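Peer 1: Have a look at the structure that comes next, please.
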Amino acid sequence: MSVQDPHAWPASPSSAQSSAPRRIAPGWRWVAELIWRLEHAFERARADARPEEDARVRIFVIMAGFAAAFAALALGAAYAALLAGPGRVGAASDPAVLVRADLTDRNGQLLASNITHYGLYIEPKDVWDRAAAARQIKQALPRVSWARLNKVLNGDRRLIVMPGLTPAEKAAVHDLALGGVTFEPEDRRVYPLGASAQHLVGDADTGGLGVSGAELAFNDEIRAAGRAGQDFPLSIDMRVQGVLENELAAAAETAGARGAVGVVTDVHTGEVLGMASWPTFDRTRRGAAPEGATLNRFTSAHYEMGSVFKSFTIAAGLDTGRTDMGTLFDASKPFMIGSRRITDFHAKNKVMTLEEVFLYSSNIGTSRLAVEMGPDVMRGYFRGLGLLDAAPIELKESARPTVPRRWDDSTLASLSFGYGAMITPAQLVAAYGALTNGGRYVPLSLRKGGARNPQIRQVISEETSLTMLDLMRRNVVRGSGGRAEAPGLRVGGKTGSANKLVGGRYDPTHAIGSFAAVFPADGPVSARRYAIFILIDEPAAYPRTGGFVAAPAVGRIADRIAPFLGVERRADRWRGLDGKALPQDAEVAQRAEGAL
């Protein structure tokens, strides 16, 4: 039997040895062969009595392994920092991470963003002097709860003292160098514009989920945009929003009101350009908010709207052919339905044309028209205008109306001039959009560009819509809406006034005054057009009618936002560019001054 030289380098592996690599996938064969050669290099070093060579080879292999691992980590970190999208960092390793996109207005103005804050924690057993620590922390962080701070310091385990410390607050406490005090980062939603648009924007909780307003309505989309490193734009224009909030607050304070609500919309797309509720509140001190301040009155408050409903009654009459501009209505005496006596607020005691019914806001005229049309016609138009269902806006707060169960003649009369149903301002504004955009009911939306896949329906004809626009313009230049005029902007609209039901009776000291407007009111149905609605809730000042407490704010808002919206000022057949009545219309305008 031959003896193999132990120092000889084998020309090739034995047949038994060579069979293993052949069972390994070709892509990994070179790794197996490298390991085999390294192992035999160690064996040769031992056989040659060169242990130091064996050690050097092993050290080299270990160093090479560590170098490869660190290189892989460095490449991964560089990729995450330089190539991964902002919303993707860490998302793959922790799918539960919630990243919310920045909310912006339609022009990119920041409304909400995420900023790292810190939670303040204390481990009591590591605090040497608890009383001194409490004093120092309170001095460095004045808004911390004294009761909570002492409770944690005198406890027996690590607890959070206060969440939401800003970087500056964290640094102030950290600089105290107190034992047992630690911080944990937390992603917190911040609203750089403070109380502005807060009812519309809403809030997100500390877990990164929307809880109200647009934050809740678009929660999943905001998160998806955040993961993609994108912003999420809303429909509002902060320039319009600022004007709306400013004028709404001024009108409410002047009237000594309990509350107020206002909105500006694009009647063709349904986009909400501004939405405001008054009074506002500090979102960081929600518990100290005035009564009703946290309520989004636009989507959640219910009102009997009063005379603004006359627009819907007259539109239905025109659209069905039951009336036209030449129809006469006997308003020379009260309208009797059984024992019920319906009168006008400012009685003219004469037979009126349809135009006069609208301009003088005649309860008698619209009641006669509603009773003539009957319950089926009235119910059909009210349903088509969205007055019998919650407004289909994205906000979850959109509330259902309170509508009558019986539609008898007395109910029809009440509905014709805005009593008998309690609806939200959102419902009313969407319905007015249909009257002024060519007859199409378009859902309101906070999404830039309008609602996704909106359910649009034709409610009235384009001809009826044009007639309503003309009546609304006439009401501003010759009727009850004169104080809503804005020079050169051709504002049209309708006043609304209603007493509230208090203790089973309608109390004139508890009322609402509103004005639903559109501008410009002239031109074809396809012309660019915007709606403004202002409602003043329980004004203390007298008179409390919409023409006095709400219409002036509408005119000022239109005047200020027209440049932002690109609305050109010009004269029309009623008024000059300066807003003054033309000679042939001055006498009529003076006669209408006292109308509702």
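Every chain in the structure tokens takes a letter, A first, then B, and so on in the order presented; its residues are numbered from 1, and the ligands are numbered from 1 following the presented order.
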Run DSSP on the backbone of this structure and report the residues of segment 212-457 of chain A it assigns to strand (DSSP E), as a PyMOL selection string.
Peer 2: chain A and resi 232-233+259-266+272-278+328-331+335-337+340-342+350-353+440-441+457
Peer 1: Keeping only N, CA, C and O atoms, write those residues as a short mmCIF file (atom, residue, chain, number, x, y, z; two decimals), in the first residue's frame.
Peer 2:
```
data_model
loop_
_atom_site.label_atom_id
_atom_site.label_comp_id
_atom_site.auth_asym_id
_atom_site.auth_seq_id
_atom_site.Cartn_x
_atom_site.Cartn_y
_atom_site.Cartn_z
N PHE A 232 -50.50 66.58 1.30
CA PHE A 232 -51.90 66.34 0.96
C PHE A 232 -52.60 67.69 0.93
O PHE A 232 -52.84 68.32 1.96
N PRO A 233 -52.97 68.19 -0.28
CA PRO A 233 -53.59 69.51 -0.39
C PRO A 233 -55.10 69.45 -0.18
O PRO A 233 -55.77 68.54 -0.66
N GLY A 259 -73.14 82.93 18.32
CA GLY A 259 -72.28 82.16 17.44
C GLY A 259 -72.46 82.62 16.01
O GLY A 259 -73.33 83.44 15.70
N ALA A 260 -71.65 82.08 15.12
CA ALA A 260 -71.75 82.45 13.70
C ALA A 260 -71.05 81.40 12.87
O ALA A 260 -70.19 80.66 13.36
N VAL A 261 -71.43 81.34 11.60
CA VAL A 261 -70.82 80.39 10.67
C VAL A 261 -70.75 81.05 9.31
O VAL A 261 -71.62 81.85 8.93
N GLY A 262 -69.69 80.73 8.55
CA GLY A 262 -69.54 81.29 7.22
C GLY A 262 -68.81 80.32 6.31
O GLY A 262 -68.02 79.48 6.76
N VAL A 263 -69.05 80.45 5.00
CA VAL A 263 -68.39 79.58 4.03
C VAL A 263 -68.30 80.28 2.69
O VAL A 263 -69.14 81.15 2.37
N VAL A 264 -67.27 79.94 1.92
CA VAL A 264 -67.11 80.38 0.53
C VAL A 264 -66.86 79.13 -0.30
O VAL A 264 -66.00 78.32 0.04
N THR A 265 -67.62 78.96 -1.40
CA THR A 265 -67.47 77.77 -2.23
C THR A 265 -67.43 78.14 -3.71
O THR A 265 -67.88 79.21 -4.12
N ASP A 266 -66.90 77.23 -4.50
CA ASP A 266 -66.98 77.30 -5.96
C ASP A 266 -68.24 76.53 -6.35
O ASP A 266 -68.33 75.32 -6.12
N VAL A 272 -64.77 73.76 -1.28
CA VAL A 272 -64.87 74.71 -0.17
C VAL A 272 -63.58 75.50 -0.13
O VAL A 272 -62.51 74.96 0.13
N LEU A 273 -63.68 76.80 -0.38
CA LEU A 273 -62.50 77.67 -0.38
C LEU A 273 -62.24 78.28 0.99
O LEU A 273 -61.13 78.74 1.27
N GLY A 274 -63.26 78.32 1.83
CA GLY A 274 -63.13 78.82 3.19
C GLY A 274 -64.30 78.35 4.01
O GLY A 274 -65.42 78.29 3.51
N MET A 275 -64.05 78.00 5.26
CA MET A 275 -65.11 77.53 6.16
C MET A 275 -64.74 77.97 7.57
O MET A 275 -63.63 77.72 8.03
N ALA A 276 -65.68 78.62 8.26
CA ALA A 276 -65.36 79.14 9.58
C ALA A 276 -66.54 79.03 10.52
O ALA A 276 -67.70 79.22 10.11
N SER A 277 -66.24 78.71 11.77
CA SER A 277 -67.22 78.76 12.86
C SER A 277 -66.70 79.72 13.91
O SER A 277 -65.50 79.77 14.17
N TRP A 278 -67.62 80.46 14.50
CA TRP A 278 -67.25 81.41 15.55
C TRP A 278 -68.15 81.17 16.76
O TRP A 278 -69.36 80.91 16.58
N LEU A 328 -99.22 86.56 -10.69
CA LEU A 328 -99.62 87.45 -9.60
C LEU A 328 -100.05 86.64 -8.38
O LEU A 328 -100.68 85.59 -8.50
N PHE A 329 -99.69 87.16 -7.19
CA PHE A 329 -100.03 86.51 -5.92
C PHE A 329 -100.75 87.52 -5.04
O PHE A 329 -100.25 88.64 -4.83
N ASP A 330 -101.88 87.11 -4.51
CA ASP A 330 -102.66 88.01 -3.66
C ASP A 330 -102.09 88.04 -2.25
O ASP A 330 -102.24 87.10 -1.47
N ALA A 331 -101.38 89.11 -1.94
CA ALA A 331 -100.84 89.30 -0.60
C ALA A 331 -101.49 90.51 0.06
O ALA A 331 -100.92 91.14 0.96
N PHE A 335 -103.03 84.88 4.52
CA PHE A 335 -103.38 83.61 3.88
C PHE A 335 -103.80 82.66 4.98
O PHE A 335 -103.04 82.38 5.91
N MET A 336 -105.05 82.16 4.88
CA MET A 336 -105.60 81.29 5.92
C MET A 336 -105.52 79.83 5.49
O MET A 336 -105.94 79.47 4.39
N ILE A 337 -104.95 78.99 6.38
CA ILE A 337 -104.97 77.54 6.20
C ILE A 337 -105.66 76.98 7.43
O ILE A 337 -105.06 76.87 8.51
N ARG A 340 -105.10 78.67 10.84
CA ARG A 340 -103.77 79.30 10.86
C ARG A 340 -103.75 80.51 9.95
O ARG A 340 -104.23 80.46 8.81
N ARG A 341 -103.16 81.57 10.45
CA ARG A 341 -103.15 82.86 9.74
C ARG A 341 -101.69 83.20 9.38
O ARG A 341 -100.86 83.43 10.25
N ILE A 342 -101.37 83.22 8.07
CA ILE A 342 -100.01 83.51 7.62
C ILE A 342 -99.95 84.95 7.12
O ILE A 342 -100.75 85.38 6.27
N LYS A 350 -100.96 94.06 -0.86
CA LYS A 350 -101.29 94.26 -2.26
C LYS A 350 -101.06 92.96 -3.02
O LYS A 350 -100.48 92.00 -2.51
N VAL A 351 -101.52 92.95 -4.24
CA VAL A 351 -101.24 91.83 -5.14
C VAL A 351 -99.82 92.01 -5.69
O VAL A 351 -99.46 93.10 -6.15
N MET A 352 -99.02 90.92 -5.60
CA MET A 352 -97.61 91.02 -5.97
C MET A 352 -97.28 90.14 -7.18
O MET A 352 -97.87 89.08 -7.39
N THR A 353 -96.29 90.59 -7.95
CA THR A 353 -95.69 89.75 -8.97
C THR A 353 -94.73 88.77 -8.30
O THR A 353 -94.38 88.93 -7.12
N ARG A 440 -77.32 71.95 -11.42
CA ARG A 440 -76.72 70.66 -11.06
C ARG A 440 -76.39 70.63 -9.56
O ARG A 440 -75.73 71.53 -9.05
N TYR A 441 -76.85 69.56 -8.89
CA TYR A 441 -76.47 69.40 -7.49
C TYR A 441 -75.09 68.76 -7.46
O TYR A 441 -74.89 67.63 -7.89
N ARG A 457 -76.35 65.44 -10.01
CA ARG A 457 -77.67 65.25 -10.61
C ARG A 457 -78.24 66.60 -11.03
O ARG A 457 -77.98 67.63 -10.40
#
```
Peer 1: Would you mind writing down, as number ranges by chain, each residue of segment 250-422 of chain A that DSSP on the backbone assigns to alpha helix (DSSP H)?
Peer 2: A: 250-255, 297-300, 310-320, 354-359, 363-373, 375-384, 409-416
Peer 1: Give me, as a tab-separated table, each residue of segment 441-527 of chain A that comes within 12 Å of segment 215-226 of chain A, together with its shortest interatomic pair and the distance in Å at one decimal, counting only C-alpha atoms, with rows ordered by chain and rising residue number.
Peer 2:
```
residue	atom	partner	partner_atom	distance
A:Ser445	CA	A:Ala217	CA	10.7
A:Leu446	CA	A:Ala217	CA	9.3
A:Arg447	CA	A:Phe218	CA	9.0
A:Ala451	CA	A:Phe218	CA	11.8
A:Arg452	CA	A:Phe218	CA	11.9
```
Peer 1: Could you write those residues out with all heavy atoms, as a short mmCIF file (atom, residue, chain, number, x, y, z; two decimals), in the first residue's frame?
Peer 2:
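The result, stored in out-v3.cif:
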```
data_model
loop_
_atom_site.label_atom_id
_atom_site.label_comp_id
_atom_site.auth_asym_id
_atom_site.auth_seq_id
_atom_site.Cartn_x
_atom_site.Cartn_y
_atom_site.Cartn_z
N SER A 445 -66.97 69.68 -1.23
CA SER A 445 -65.77 68.88 -1.02
C SER A 445 -64.64 69.72 -0.45
O SER A 445 -64.49 70.90 -0.77
CB SER A 445 -65.30 68.26 -2.34
OG SER A 445 -64.12 67.50 -2.16
N LEU A 446 -63.83 69.07 0.40
CA LEU A 446 -62.60 69.67 0.91
C LEU A 446 -61.38 69.17 0.15
O LEU A 446 -60.25 69.47 0.51
CB LEU A 446 -62.42 69.34 2.40
CG LEU A 446 -63.39 70.05 3.35
CD1 LEU A 446 -63.16 69.57 4.77
CD2 LEU A 446 -63.20 71.55 3.27
N ARG A 447 -61.61 68.41 -0.90
CA ARG A 447 -60.52 67.88 -1.72
C ARG A 447 -60.21 68.88 -2.84
O ARG A 447 -61.13 69.34 -3.54
CB ARG A 447 -60.93 66.54 -2.31
CG ARG A 447 -59.82 65.82 -3.08
CD ARG A 447 -60.38 64.62 -3.83
NE ARG A 447 -60.97 63.67 -2.92
CZ ARG A 447 -60.31 62.74 -2.26
NH1 ARG A 447 -58.99 62.63 -2.42
NH2 ARG A 447 -60.92 61.90 -1.44
N ALA A 451 -64.89 66.69 -5.21
CA ALA A 451 -65.10 65.33 -4.70
C ALA A 451 -64.67 64.29 -5.73
O ALA A 451 -64.77 64.51 -6.93
CB ALA A 451 -66.56 65.12 -4.32
N ARG A 452 -64.19 63.15 -5.22
CA ARG A 452 -63.81 62.05 -6.10
C ARG A 452 -65.08 61.29 -6.52
O ARG A 452 -65.86 60.88 -5.68
CB ARG A 452 -62.86 61.11 -5.35
CG ARG A 452 -62.36 59.93 -6.16
CD ARG A 452 -61.36 59.13 -5.34
NE ARG A 452 -60.13 59.90 -5.13
CZ ARG A 452 -59.16 59.50 -4.31
NH1 ARG A 452 -59.30 58.39 -3.62
NH2 ARG A 452 -58.06 60.23 -4.18
#
```
Peer 1: Counting only C-alpha atoms, what is within 6 Å of segment 299-312 of chain A, bar same-chain residues fewer than 4 positions away, as a list in words?
Peer 2: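 Skipping anything fewer than 4 positions along the chain leaves Ser398, Ala399, Ser416, Phe417, Gly418, Tyr419, Ala421, Met422, Ile423, Thr424, Ala426, Lys494, Thr495, Gly496, Ser497 and Ala498 of chain A.
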Peer 1: Just want the 8 Å neighbourhood of segment 163-165 of chain A, counted on only C-alpha atoms, with same-chain residues fewer than 6 positions away dropped. Output as an MDAnalysis selection string.
Peer 2: chainID A and resid 117:120 186 188
Peer 1: As a list in words, please: the residues near segment 507-510 of chain A (cut-off 6 Å, only C-alpha atoms, same-chain neighbours under 6 positions excluded).
Peer 2: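 Everything that qualifies: Asn499, Lys500 and Glu538 of chain A.
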Peer 1: Kindly save the residues from that selection, with all heavy atoms included, as a PDB file, in the first residue's frame.
Peer 2:
```pdb
ATOM      1  N   ASN A 499     -87.025  83.133  13.803  1.00  0.00           N
ATOM      2  CA  ASN A 499     -87.037  83.082  15.259  1.00  0.00           C
ATOM      3  C   ASN A 499     -86.854  81.642  15.714  1.00  0.00           C
ATOM      4  O   ASN A 499     -87.293  80.704  15.047  1.00  0.00           O
ATOM      5  CB  ASN A 499     -88.361  83.635  15.808  1.00  0.00           C
ATOM      6  CG  ASN A 499     -88.553  85.092  15.470  1.00  0.00           C
ATOM      7  OD1 ASN A 499     -87.587  85.850  15.351  1.00  0.00           O
ATOM      8  ND2 ASN A 499     -89.809  85.511  15.297  1.00  0.00           N
ATOM      9  N   LYS A 500     -86.236  81.484  16.871  1.00  0.00           N
ATOM     10  CA  LYS A 500     -86.002  80.144  17.412  1.00  0.00           C
ATOM     11  C   LYS A 500     -87.150  79.719  18.318  1.00  0.00           C
ATOM     12  O   LYS A 500     -87.792  80.558  18.963  1.00  0.00           O
ATOM     13  CB  LYS A 500     -84.691  80.109  18.190  1.00  0.00           C
ATOM     14  CG  LYS A 500     -83.441  80.143  17.326  1.00  0.00           C
ATOM     15  CD  LYS A 500     -82.200  79.934  18.200  1.00  0.00           C
ATOM     16  CE  LYS A 500     -80.961  79.754  17.367  1.00  0.00           C
ATOM     17  NZ  LYS A 500     -79.772  79.474  18.205  1.00  0.00           N
ATOM     18  N   GLU A 538     -78.326  84.142  17.048  1.00  0.00           N
ATOM     19  CA  GLU A 538     -78.816  84.891  18.198  1.00  0.00           C
ATOM     20  C   GLU A 538     -78.114  86.239  18.368  1.00  0.00           C
ATOM     21  O   GLU A 538     -77.469  86.505  19.389  1.00  0.00           O
ATOM     22  CB  GLU A 538     -78.708  84.066  19.484  1.00  0.00           C
ATOM     23  CG  GLU A 538     -79.596  82.828  19.478  1.00  0.00           C
ATOM     24  CD  GLU A 538     -79.732  82.188  20.854  1.00  0.00           C
ATOM     25  OE1 GLU A 538     -79.413  82.859  21.869  1.00  0.00           O
ATOM     26  OE2 GLU A 538     -80.150  81.024  20.914  1.00  0.00           O
TER      27      GLU A 538
END
```
Peer 1: Counting only C-alpha atoms, what is within 8 Å of Thr436 of chain A, bar same-chain residues fewer than 6 positions away, as a list in words?
Peer 2: Val267, Ser465, Leu466, Met468, Leu469, Val518 and Val525 of chain A
Peer 1: By how many Å are atom CA of Arg406 of chain A and atom CA of Gly420 of chain A apart?
Peer 2: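 Between these atoms lies a distance of 10.2 Å.
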Peer 1: Pick the closest to Ser212 of chain A from A:Asp376, A:Asp537, A:Glu397, A:Asp572: which is it, counting only C-alpha atoms?
Peer 2: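 The closest residue to Ser212 of chain A is A:Glu397.
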Peer 1: Quick one: residues within 12 Å of Glu247 of chain A, only C-alpha atoms counted, chain neighbours fewer than 5 positions away excluded, as a PDB file with N, CA and C atoms, in the first residue's frame?
Peer 2:
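Once everything was written out, this is out.pdb:
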```pdb
ATOM      1  N   VAL A 240     -58.525  83.344   1.315  1.00  0.00           N
ATOM      2  CA  VAL A 240     -59.973  83.428   1.458  1.00  0.00           C
ATOM      3  C   VAL A 240     -60.382  83.098   2.887  1.00  0.00           C
ATOM      4  N   GLN A 241     -59.758  82.050   3.454  1.00  0.00           N
ATOM      5  CA  GLN A 241     -60.076  81.637   4.817  1.00  0.00           C
ATOM      6  C   GLN A 241     -59.806  82.757   5.810  1.00  0.00           C
ATOM      7  N   GLY A 242     -58.684  83.441   5.642  1.00  0.00           N
ATOM      8  CA  GLY A 242     -58.347  84.539   6.550  1.00  0.00           C
ATOM      9  C   GLY A 242     -59.351  85.674   6.490  1.00  0.00           C
ATOM     10  N   ALA A 252     -70.050  89.031  13.994  1.00  0.00           N
ATOM     11  CA  ALA A 252     -70.611  88.389  15.189  1.00  0.00           C
ATOM     12  C   ALA A 252     -70.423  89.265  16.423  1.00  0.00           C
ATOM     13  N   GLU A 253     -69.261  89.860  16.568  1.00  0.00           N
ATOM     14  CA  GLU A 253     -68.997  90.703  17.730  1.00  0.00           C
ATOM     15  C   GLU A 253     -69.821  91.987  17.673  1.00  0.00           C
ATOM     16  N   THR A 254     -69.961  92.550  16.484  1.00  0.00           N
ATOM     17  CA  THR A 254     -70.778  93.751  16.336  1.00  0.00           C
ATOM     18  C   THR A 254     -72.233  93.487  16.714  1.00  0.00           C
ATOM     19  N   ALA A 260     -71.645  82.082  15.116  1.00  0.00           N
ATOM     20  CA  ALA A 260     -71.745  82.455  13.705  1.00  0.00           C
ATOM     21  C   ALA A 260     -71.053  81.397  12.870  1.00  0.00           C
ATOM     22  N   VAL A 261     -71.433  81.337  11.599  1.00  0.00           N
ATOM     23  CA  VAL A 261     -70.824  80.393  10.668  1.00  0.00           C
ATOM     24  C   VAL A 261     -70.750  81.045   9.305  1.00  0.00           C
ATOM     25  N   GLY A 262     -69.694  80.730   8.552  1.00  0.00           N
ATOM     26  CA  GLY A 262     -69.535  81.290   7.223  1.00  0.00           C
ATOM     27  C   GLY A 262     -68.805  80.325   6.305  1.00  0.00           C
ATOM     28  N   VAL A 263     -69.048  80.446   5.001  1.00  0.00           N
ATOM     29  CA  VAL A 263     -68.388  79.575   4.031  1.00  0.00           C
ATOM     30  C   VAL A 263     -68.303  80.283   2.688  1.00  0.00           C
ATOM     31  N   ALA A 276     -65.676  78.623   8.257  1.00  0.00           N
ATOM     32  CA  ALA A 276     -65.359  79.143   9.583  1.00  0.00           C
ATOM     33  C   ALA A 276     -66.544  79.030  10.524  1.00  0.00           C
ATOM     34  N   SER A 277     -66.245  78.711  11.771  1.00  0.00           N
ATOM     35  CA  SER A 277     -67.222  78.763  12.857  1.00  0.00           C
ATOM     36  C   SER A 277     -66.703  79.720  13.907  1.00  0.00           C
ATOM     37  N   TRP A 278     -67.622  80.461  14.505  1.00  0.00           N
ATOM     38  CA  TRP A 278     -67.254  81.412  15.552  1.00  0.00           C
ATOM     39  C   TRP A 278     -68.151  81.173  16.755  1.00  0.00           C
ATOM     40  N   ILE A 534     -73.347  83.520   5.120  1.00  0.00           N
ATOM     41  CA  ILE A 534     -73.053  83.988   6.474  1.00  0.00           C
ATOM     42  C   ILE A 534     -74.312  83.822   7.319  1.00  0.00           C
ATOM     43  N   LEU A 535     -74.165  83.232   8.484  1.00  0.00           N
ATOM     44  CA  LEU A 535     -75.274  83.089   9.433  1.00  0.00           C
ATOM     45  C   LEU A 535     -74.826  83.603  10.791  1.00  0.00           C
ATOM     46  N   ILE A 536     -75.618  84.501  11.371  1.00  0.00           N
ATOM     47  CA  ILE A 536     -75.353  85.057  12.696  1.00  0.00           C
ATOM     48  C   ILE A 536     -76.387  84.463  13.657  1.00  0.00           C
ATOM     49  N   VAL A 549     -77.672  92.017   9.804  1.00  0.00           N
ATOM     50  CA  VAL A 549     -76.569  91.416  10.561  1.00  0.00           C
ATOM     51  C   VAL A 549     -75.637  90.562   9.713  1.00  0.00           C
ATOM     52  N   ALA A 550     -76.107  90.060   8.557  1.00  0.00           N
ATOM     53  CA  ALA A 550     -75.281  89.159   7.754  1.00  0.00           C
ATOM     54  C   ALA A 550     -74.898  89.733   6.397  1.00  0.00           C
ATOM     55  N   ALA A 551     -75.797  90.429   5.728  1.00  0.00           N
ATOM     56  CA  ALA A 551     -75.535  90.921   4.377  1.00  0.00           C
ATOM     57  C   ALA A 551     -74.302  91.831   4.290  1.00  0.00           C
ATOM     58  N   PRO A 552     -74.087  92.760   5.235  1.00  0.00           N
ATOM     59  CA  PRO A 552     -72.898  93.606   5.121  1.00  0.00           C
ATOM     60  C   PRO A 552     -71.590  92.814   5.114  1.00  0.00           C
ATOM     61  N   ALA A 553     -71.524  91.747   5.916  1.00  0.00           N
ATOM     62  CA  ALA A 553     -70.312  90.913   5.947  1.00  0.00           C
ATOM     63  C   ALA A 553     -70.090  90.242   4.600  1.00  0.00           C
ATOM     64  N   VAL A 554     -71.188  89.805   3.949  1.00  0.00           N
ATOM     65  CA  VAL A 554     -71.073  89.185   2.633  1.00  0.00           C
ATOM     66  C   VAL A 554     -70.442  90.155   1.639  1.00  0.00           C
ATOM     67  N   GLY A 555     -70.923  91.403   1.621  1.00  0.00           N
ATOM     68  CA  GLY A 555     -70.373  92.394   0.701  1.00  0.00           C
ATOM     69  C   GLY A 555     -68.889  92.639   0.942  1.00  0.00           C
ATOM     70  N   ARG A 556     -68.495  92.737   2.206  1.00  0.00           N
ATOM     71  CA  ARG A 556     -67.078  92.983   2.512  1.00  0.00           C
ATOM     72  C   ARG A 556     -66.214  91.790   2.120  1.00  0.00           C
ATOM     73  N   ILE A 557     -66.718  90.581   2.352  1.00  0.00           N
ATOM     74  CA  ILE A 557     -65.954  89.385   1.987  1.00  0.00           C
ATOM     75  C   ILE A 557     -65.766  89.317   0.475  1.00  0.00           C
ATOM     76  N   ALA A 558     -66.852  89.539  -0.296  1.00  0.00           N
ATOM     77  CA  ALA A 558     -66.741  89.513  -1.757  1.00  0.00           C
ATOM     78  C   ALA A 558     -65.739  90.550  -2.242  1.00  0.00           C
ATOM     79  N   ASP A 559     -65.793  91.728  -1.659  1.00  0.00           N
ATOM     80  CA  ASP A 559     -64.899  92.811  -2.064  1.00  0.00           C
ATOM     81  C   ASP A 559     -63.430  92.452  -1.825  1.00  0.00           C
ATOM     82  N   ARG A 560     -63.151  91.754  -0.723  1.00  0.00           N
ATOM     83  CA  ARG A 560     -61.763  91.448  -0.370  1.00  0.00           C
ATOM     84  C   ARG A 560     -61.210  90.213  -1.068  1.00  0.00           C
ATOM     85  N   ILE A 561     -62.061  89.223  -1.358  1.00  0.00           N
ATOM     86  CA  ILE A 561     -61.535  87.985  -1.947  1.00  0.00           C
ATOM     87  C   ILE A 561     -61.565  87.986  -3.471  1.00  0.00           C
TER      88      ILE A 561
END
```
Peer 1: Do you have, as CSV, the list of residues of segment 521-562 of chain A lying at most 12 Å from segment 355-365 of chain A, each with its nearest atom pair and that distance in Å to one decimal, counting only C-alpha atoms and ordered by chain then number?
Peer 2:
```
residue,atom,partner,partner_atom,distance
A:Thr545,CA,A:Ser361,CA,11.8
A:Gly546,CA,A:Ser361,CA,11.7
A:Gly547,CA,A:Ser361,CA,11.3
```
Peer 1: Which is closer to Gly270 of chain A than all the others in A:Ala517, A:Val181, A:Val442, A:Val477, using only C-alpha atoms?
Peer 2: A:Val442
Peer 1: Rounded to one decimal, what separation in Å do you get between atom CA of Arg490 of chain A and atom CA of Glu245 of chain A?
Peer 2: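 Taking atom CA of Arg490 of chain A as the start and atom CA of Glu245 of chain A as the end point, the length is 22.7 Å.
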Peer 1: Any idea what the distance is between atom CA of Gly504 of chain A and atom CA of Ala413 of chain A?
Peer 2: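 Here the two named atoms are 19.4 Å from each other.
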